[in-house]
Structure formats: C-alpha cells, structure tokens
Amino acid sequence: MSASSPVLVWFRQDLRIADNPALAAAVDSERPILAVYILDEVSDGIRPHGGASRWWLHHSLESLASDLRGRGVSLILRRGAAAGVLSDLIEESDAGAVYWNRCYEPWAVARDTAIKEQLKSADVAAESFNGSLLLEPWQIETQQGDPYKVFTPFWKQLREVYRLPDAVEVPDELPRAADVASDDLTDWDLLHTAPDWAGGIRETWTVGEDAARDLLAAFLDGPVADYPDDRNRPDRPGTSRLSPYLHWGEIGPDQVWRAAAPLLDKGGATAKGAESLLRELAWRDFNHHLMFHFPEIATENWKSNFDDFTWKDDPGGLAVWQKGQTGYPFVDAGMRELWHTGWMHNRVRMVVASFLIKDLLVHWRDGEAWFWDTLVDADLANNAGGWQWVAGSGADAAPFFRIFNPITQGEKFDPDGEYVRRWVPELAKLPSKWIHKPWDAPGEVLAEADVRLGENYPEPMVDHKGARARALEAYKAIKSEES
DNA sequence: TGAAATGTTGGGGCG
DNA sequence: ACGCCCCAACATTTC
C-alpha cells in the first residue's frame, strides 16, 4: 500500500473517540482515517439488535458522527455482512489497513477471525485491540491453566494482573481520507421498533460519550460513597447507570478505573464505594471471560442437568410478566420501569427474573430474550450471565433454591414504597405498610386508596408460597443429576 | 447478591 | 424457691 492509503477504523461496540485504542493506533499510523460503522444483521449466527438497542444505536451513531465531524472526519455508514462491506470499502477507498476493537460474542469472534484471514491474504493490514475489557479473556487463568469459573478468585487475580494503561489522547483534528458513499442513518429505521419510543427512553437518557463522562464524574463526586448500600435501593438514584454506555463503548472500563482508582486511597466510605464499583465492573469482565471460553453459555444451560428441567410452556404468563401485571407490585414496578426507560435497577432484575423462572417456571431464555429486546444496555454476556445466575444453571450461580420473595424484597429494598408508587401509579395512595402486598390490606384501606383488586390492579397471578413449593418440587427431579 | 423451617436459649408469668 | 410453659430472639439447617 502507498503511504497515503487510508486506514479504515471499523467502529463496533466502541462508539467513542477518547481512549479508543483502534482509533489511537490509526492516528499513530499517520495515514488518512476512514471511520466506518457497519450494521451487520446477517453474518452467521448473529442475533439482531433488540428494539431498545436500536434506539440507542441510532443516537449513539449520531453522537459519534458529530464528534468525528468536529475533528474533520465523516462516519461512513454501511449495512450488510461485514466481510463483504469491508472488501467493498477497501476497493472504493484503496485502504491499506483495517483497525478495530474486539467483540466477544461467538458470532463476532467467528466473523472477525475469518475477516482477519481474508484481509491478510488480500495484503491488507488487520489489527484488533482491546477497547472493551479490563483484561482480555485469555490474559488470566487459574493455577491449573483453566478459565475462571468462580468470580471471587477471578477478581483477586484481575487485581494482581491488571495494569491501568495510560490514557490515549486523540488530536482535535484527524487526518481525513477521501469520502466514500455512506448510507443515511434514518434509512436504517432504527427508531421504529423501540419500546415506548415516543417518550420514556428519550426522557431518561442522553446518549454519547460526553454524557457518559459527565455521568461518571457526577457519580464519583458523591453518590459513590453510598454505593455499597444504595446500589440495592431502586427507590434511590444510587447506581452509576453506566451500563448502556459501557455496552456501546461510549466509555471504556479503563476510563472508569482511571477515574475511580484515586478514590481507593482516600479511605472511608468513598474508598469502599469505589472498590464496590470496580468489583461490579469486574463482573462485566468475568461474564465476557466466561462467554469467550464457553460460547454456548449465551444460549445453553451451563449446568447441563438443567436441560431436563420441566419448564412450563406458558406464553400467557410470560405476557403478563412482560406487561408488569403480575399483581406483585415490586415485580410490576420493575417490568414497567424496563418498558418505559429501557433499563431496570439490578436488584429488581434479580427479583423479576426469579419470579419468571421460579414462580412461573418459564425458561430463563424467554426472560433473556425479553431483556434483550427492551434493555438499552442489552449485552449478550451480561444478560445471559445474569439470567443463568438467577436460574441456578450458570457458572458460580445462585443455587436454584434461592428463591426471591417479591414481598420481602420490596419491603427490604423499597421500604417506603417510593419505587412502586413511581411505576405502579394505581397503587400510589396505598400506605407503605400494604404497598408490597395490597391483597392483605383491609377493605377500607383499599377503598380509601382507590385500589380495586381485580379491576384497576390485578390480584397476584400466583400464590408465591405455593409457587415456591412447586418450584422446589420441580427442581428435585434434576437435583440428583447435578454435575 | 434468600427464605422458610427447625432448633436453641433465656427471661418472665404462673401455679 | 422451684418447675413448667410460653414465646420472642437468635442461630442453624434445609431447600
């Protein structure tokens, strides 16, 4: 290739300019830069984005394109199988190199490996980088040389091995390559299928790397000190809410670590909070570590004895759960928060997942699919990891018999019922004492609060006590074949 | 990163 | 003063 042939920077789940290793390497190469995003919904094994993800992606691409434009570079949009699109782009632009940051979905690994081969045999330099994880999945292993299957030793080892890289600076002006044709973002129709697209999600989120940085700074400036407790409180703004930004790479985990690490030396609550945040960040790495080494974890029970579990085929029950009409206020609040905002507090994710799997005996895969469609932070490794954790079928998972009680979880983590009142307004006037179990409230209390069970708020769709017993009974059948 | 059932202990009422 | 029972509070076991 000639010295002036451009470098193609292939953006994927790294939709940021700051601290982006692939982009930084392109800058270092001193060649003109061609930035591209490919909407690939057709490569082998790929799972298309859900509705909420498409909404986020649309705005994230707008934001990235605008940031790049400010530095003199256009973001080229193309659609189709990545391998073919890349060869077209190389042909059209005479690019001599393609740089990208790695993804870890099984289909992405397979596709990108093949693409790397293809590029090399066409004499195009192909380089991939780590822009999404603290450590690559192959960078640490147990003393036996195996992948980690338990979080705590993984976390310990990560802290031993991880060295925070220096931040990479990106110049205000990037060397621009001659433009090639780009799709029009609006033609991709990404906004059409998003849940509640007209309102809630838009009001809840500001997409883009500037917003991510602001959110992180604001979180570390105060709330982090209360994080160890408040991260369990859906009624409080106690979490970082960084999950969608991390998934799309609008912020990278190194950037979070870089900002939080200085707090570790401060001692007291702030240090404890920062420690807790970084531990959660490491769960993200752990889930990707698992998915890289056991790609089937995204769709199959990691513990194979769960293959014989007698799940119920219950589309009606699933739909009631999806709509947040189970009659359990804490569960319904979570499901409605999800539908309205594209996000759900993690404590509540565990409770609603436990309810679907154990109270309704519906396969975790159905819940995973709903989250995939409705979460703006939908991430294959984290989503499947979370669901398998709750189901008890995953690596280092909660045991099956750990069944959440939706009433006591609500009383513990939403003691004043504020979270329920926000998302289940038909119960807003109930006193806190009854808000997590309206069916136990005296008739006059319900009347006073305008709650008519079975009319304007459902009766519980199952009796939790009985459902719990039923789940434990169903588990007995596969317990003996525990692997 | 549970919850429920079962077991233990110790104070107080009471004959 | 003693034994007995009750039951809350806490601990342990089980699912």
# chains A, B, ... in the order shown; residues from 1 in each chain; ligands from 1

$ interface_residues --of "chain A" --to "chain C" --cutoff "12 Å" --atoms "only C-alpha atoms (C1' of nucleotides)" --output "PDB file with N, CA and C atoms, in the first residue's frame"
ATOM      1  N   PRO A 399     -27.726 -20.852  43.944  1.00  0.00           N
ATOM      2  CA  PRO A 399     -28.402 -22.151  43.895  1.00  0.00           C
ATOM      3  C   PRO A 399     -29.875 -21.990  43.547  1.00  0.00           C
ATOM      4  N   PHE A 400     -30.421 -22.991  42.881  1.00  0.00           N
ATOM      5  CA  PHE A 400     -31.812 -22.890  42.433  1.00  0.00           C
ATOM      6  C   PHE A 400     -32.753 -22.552  43.576  1.00  0.00           C
ATOM      7  N   PHE A 401     -32.494 -23.141  44.736  1.00  0.00           N
ATOM      8  CA  PHE A 401     -33.441 -22.955  45.846  1.00  0.00           C
ATOM      9  C   PHE A 401     -33.382 -21.566  46.451  1.00  0.00           C
ATOM     10  N   ARG A 402     -32.504 -20.736  45.968  1.00  0.00           N
ATOM     11  CA  ARG A 402     -32.513 -19.347  46.433  1.00  0.00           C
ATOM     12  C   ARG A 402     -33.616 -18.605  45.678  1.00  0.00           C
ATOM     13  N   ILE A 403     -34.803 -18.652  46.212  1.00  0.00           N
ATOM     14  CA  ILE A 403     -35.975 -18.098  45.541  1.00  0.00           C
ATOM     15  C   ILE A 403     -36.363 -16.786  46.210  1.00  0.00           C
ATOM     16  N   ARG A 468     -43.488 -21.312  45.197  1.00  0.00           N
ATOM     17  CA  ARG A 468     -42.159 -21.664  45.690  1.00  0.00           C
ATOM     18  C   ARG A 468     -42.061 -23.175  45.914  1.00  0.00           C
ATOM     19  N   ALA A 469     -43.091 -23.717  46.560  1.00  0.00           N
ATOM     20  CA  ALA A 469     -43.113 -25.162  46.823  1.00  0.00           C
ATOM     21  C   ALA A 469     -43.100 -25.951  45.515  1.00  0.00           C
ATOM     22  N   ARG A 470     -43.856 -25.453  44.538  1.00  0.00           N
ATOM     23  CA  ARG A 470     -43.924 -26.117  43.237  1.00  0.00           C
ATOM     24  C   ARG A 470     -42.559 -26.113  42.548  1.00  0.00           C
ATOM     25  N   ALA A 471     -41.855 -24.976  42.652  1.00  0.00           N
ATOM     26  CA  ALA A 471     -40.537 -24.864  42.025  1.00  0.00           C
ATOM     27  C   ALA A 471     -39.550 -25.835  42.670  1.00  0.00           C
ATOM     28  N   LEU A 472     -39.589 -25.899  43.993  1.00  0.00           N
ATOM     29  CA  LEU A 472     -38.654 -26.802  44.689  1.00  0.00           C
ATOM     30  C   LEU A 472     -38.950 -28.258  44.330  1.00  0.00           C
ATOM     31  N   GLU A 473     -40.222 -28.544  44.168  1.00  0.00           N
ATOM     32  CA  GLU A 473     -40.631 -29.891  43.771  1.00  0.00           C
ATOM     33  C   GLU A 473     -40.088 -30.217  42.370  1.00  0.00           C
ATOM     34  N   TYR A 475     -37.551 -28.924  40.972  1.00  0.00           N
ATOM     35  CA  TYR A 475     -36.083 -28.984  40.994  1.00  0.00           C
ATOM     36  C   TYR A 475     -35.586 -30.357  41.451  1.00  0.00           C
ATOM     37  N   LYS A 476     -36.372 -31.002  42.314  1.00  0.00           N
ATOM     38  CA  LYS A 476     -35.973 -32.318  42.838  1.00  0.00           C
ATOM     39  C   LYS A 476     -35.588 -33.277  41.713  1.00  0.00           C
ATOM     40  N   LYS A 479     -32.069 -32.481  40.494  1.00  0.00           N
ATOM     41  CA  LYS A 479     -31.071 -32.284  41.539  1.00  0.00           C
ATOM     42  C   LYS A 479     -30.100 -33.466  41.596  1.00  0.00           C
TER      43      LYS A 479
END

$ interface_residues --of "chain B" --to "chain A" --cutoff "9 Å" --atoms "only C-alpha atoms (C1' of nucleotides)" --output "VMD selection string"
chain B and resid 1 to 3

$ residues_around --residues "Val348 of chain A" --least-positions-apart "2" --cutoff "8 Å" --atoms "only C-alpha atoms (C1' of nucleotides)" --output "list in words"
Pro234, Phe330, Val331, Gly334, Met344, His345, Asn346, Met350, Val351 and Val352 of chain A

$ atom_distance --atom1 "atom CA of Asp94 of chain A" --atom2 "atom CA of Val7 of chain A"
9.2 Å

$ residues_around --residues "segment 451-461 of chain A" --least-positions-apart "5" --cutoff "7 Å" --atoms "only C-alpha atoms (C1' of nucleotides)" --output "ChimeraX atom specification"
/A:325-328,426-427,446

$ select_by_dssp --residues "segment 97-314 of chain A" --states "strand (DSSP E)" --output "list in words"
Ala97, Val98, Tyr99, Trp100, Asn101, Ala125, Ala126, Glu127, Ser128 and Phe129 of chain A

$ write_last_selection --atoms "C-alpha atoms" --output "short mmCIF file (atom, residue, chain, number, x, y, z; two decimals), in the first residue's frame"
data_model
loop_
_atom_site.label_atom_id
_atom_site.label_comp_id
_atom_site.auth_asym_id
_atom_site.auth_seq_id
_atom_site.Cartn_x
_atom_site.Cartn_y
_atom_site.Cartn_z
CA ALA A 97 -5.29 -1.32 6.79
CA VAL A 98 -8.32 -2.04 8.97
CA TYR A 99 -8.22 -1.46 12.74
CA TRP A 100 -10.90 -2.38 15.23
CA ASN A 101 -11.53 -3.10 18.88
CA ALA A 125 -3.09 -4.98 7.41
CA ALA A 126 -5.64 -6.02 10.01
CA GLU A 127 -5.17 -5.18 13.67
CA SER A 128 -7.51 -5.63 16.56
CA PHE A 129 -7.27 -4.08 20.02
#

$ residues_around --residues "Leu15 of chain A" --least-positions-apart "4" --cutoff "8 Å" --atoms "only C-alpha atoms (C1' of nucleotides)" --output "list in words"
Phe11, Ser60, Leu61, Leu64, Glu209, Trp248, Gly249 and Glu250 of chain A

$ residues_around --residues "Ala319 of chain A" --least-positions-apart "2" --cutoff "12 Å" --atoms "only C-alpha atoms (C1' of nucleotides)" --output "number ranges by chain"
A: 313-317, 321-326, 335, 356, 360, 362, 366-367, 370, 461

$ write_last_selection --atoms "N, CA and C atoms" --output "compact mmCIF listing (two decimals), in the first residue's frame"
# COMPACT_ATOMS: atom_id res chain seq x y z
N ASP A 313 -44.55 -24.34 29.49
CA ASP A 313 -44.83 -23.58 28.28
C ASP A 313 -46.02 -22.68 28.60
N ASP A 314 -45.76 -21.40 28.84
CA ASP A 314 -46.80 -20.54 29.39
C ASP A 314 -46.73 -19.14 28.77
N PRO A 315 -47.08 -19.04 27.47
CA PRO A 315 -46.99 -17.74 26.80
C PRO A 315 -47.87 -16.68 27.48
N GLY A 316 -49.00 -17.11 28.03
CA GLY A 316 -49.87 -16.16 28.73
C GLY A 316 -49.20 -15.58 29.96
N GLY A 317 -48.61 -16.45 30.75
CA GLY A 317 -47.91 -15.99 31.95
C GLY A 317 -46.74 -15.08 31.60
N TRP A 321 -46.21 -11.12 32.77
CA TRP A 321 -44.94 -10.66 33.38
C TRP A 321 -44.35 -9.51 32.56
N GLN A 322 -44.33 -9.67 31.24
CA GLN A 322 -43.75 -8.63 30.38
C GLN A 322 -44.46 -7.30 30.56
N LYS A 323 -45.77 -7.36 30.73
CA LYS A 323 -46.55 -6.13 30.84
C LYS A 323 -46.53 -5.52 32.23
N GLY A 324 -45.95 -6.26 33.20
CA GLY A 324 -45.98 -5.75 34.56
C GLY A 324 -47.37 -5.78 35.16
N GLN A 325 -48.04 -6.92 35.01
CA GLN A 325 -49.40 -7.09 35.54
C GLN A 325 -49.49 -8.37 36.37
N THR A 326 -48.39 -8.69 37.08
CA THR A 326 -48.38 -9.95 37.83
C THR A 326 -49.19 -9.87 39.11
N MET A 335 -40.83 -4.28 35.84
CA MET A 335 -41.13 -4.55 34.44
C MET A 335 -41.61 -3.29 33.72
N LEU A 356 -40.06 -14.94 37.22
CA LEU A 356 -40.40 -15.61 35.96
C LEU A 356 -39.95 -17.07 35.98
N LEU A 360 -43.13 -18.75 37.98
CA LEU A 360 -43.91 -19.13 36.80
C LEU A 360 -43.33 -20.34 36.07
N VAL A 362 -41.06 -20.49 33.90
CA VAL A 362 -40.77 -20.21 32.49
C VAL A 362 -39.25 -20.21 32.29
N ASP A 366 -36.52 -17.26 27.80
CA ASP A 366 -37.61 -16.35 27.42
C ASP A 366 -37.46 -14.99 28.10
N GLY A 367 -37.01 -15.02 29.35
CA GLY A 367 -36.76 -13.77 30.04
C GLY A 367 -35.57 -13.04 29.43
N TRP A 370 -36.60 -11.27 26.32
CA TRP A 370 -37.35 -10.03 26.57
C TRP A 370 -36.41 -8.90 26.98
N MET A 461 -50.98 -13.16 40.35
CA MET A 461 -51.25 -14.18 39.33
C MET A 461 -50.96 -15.59 39.85

$ atom_distance --atom1 "atom CA of Glu136 of chain A" --atom2 "atom CA of Asp285 of chain A"
8.3 Å

$ select_by_dssp --residues "segment 215-341 of chain A" --states "alpha helix (DSSP H)" --output "MDAnalysis selection string"
chainID A and resid 215:220 227:230 243:248 253:264 268:293 315:323 329:341
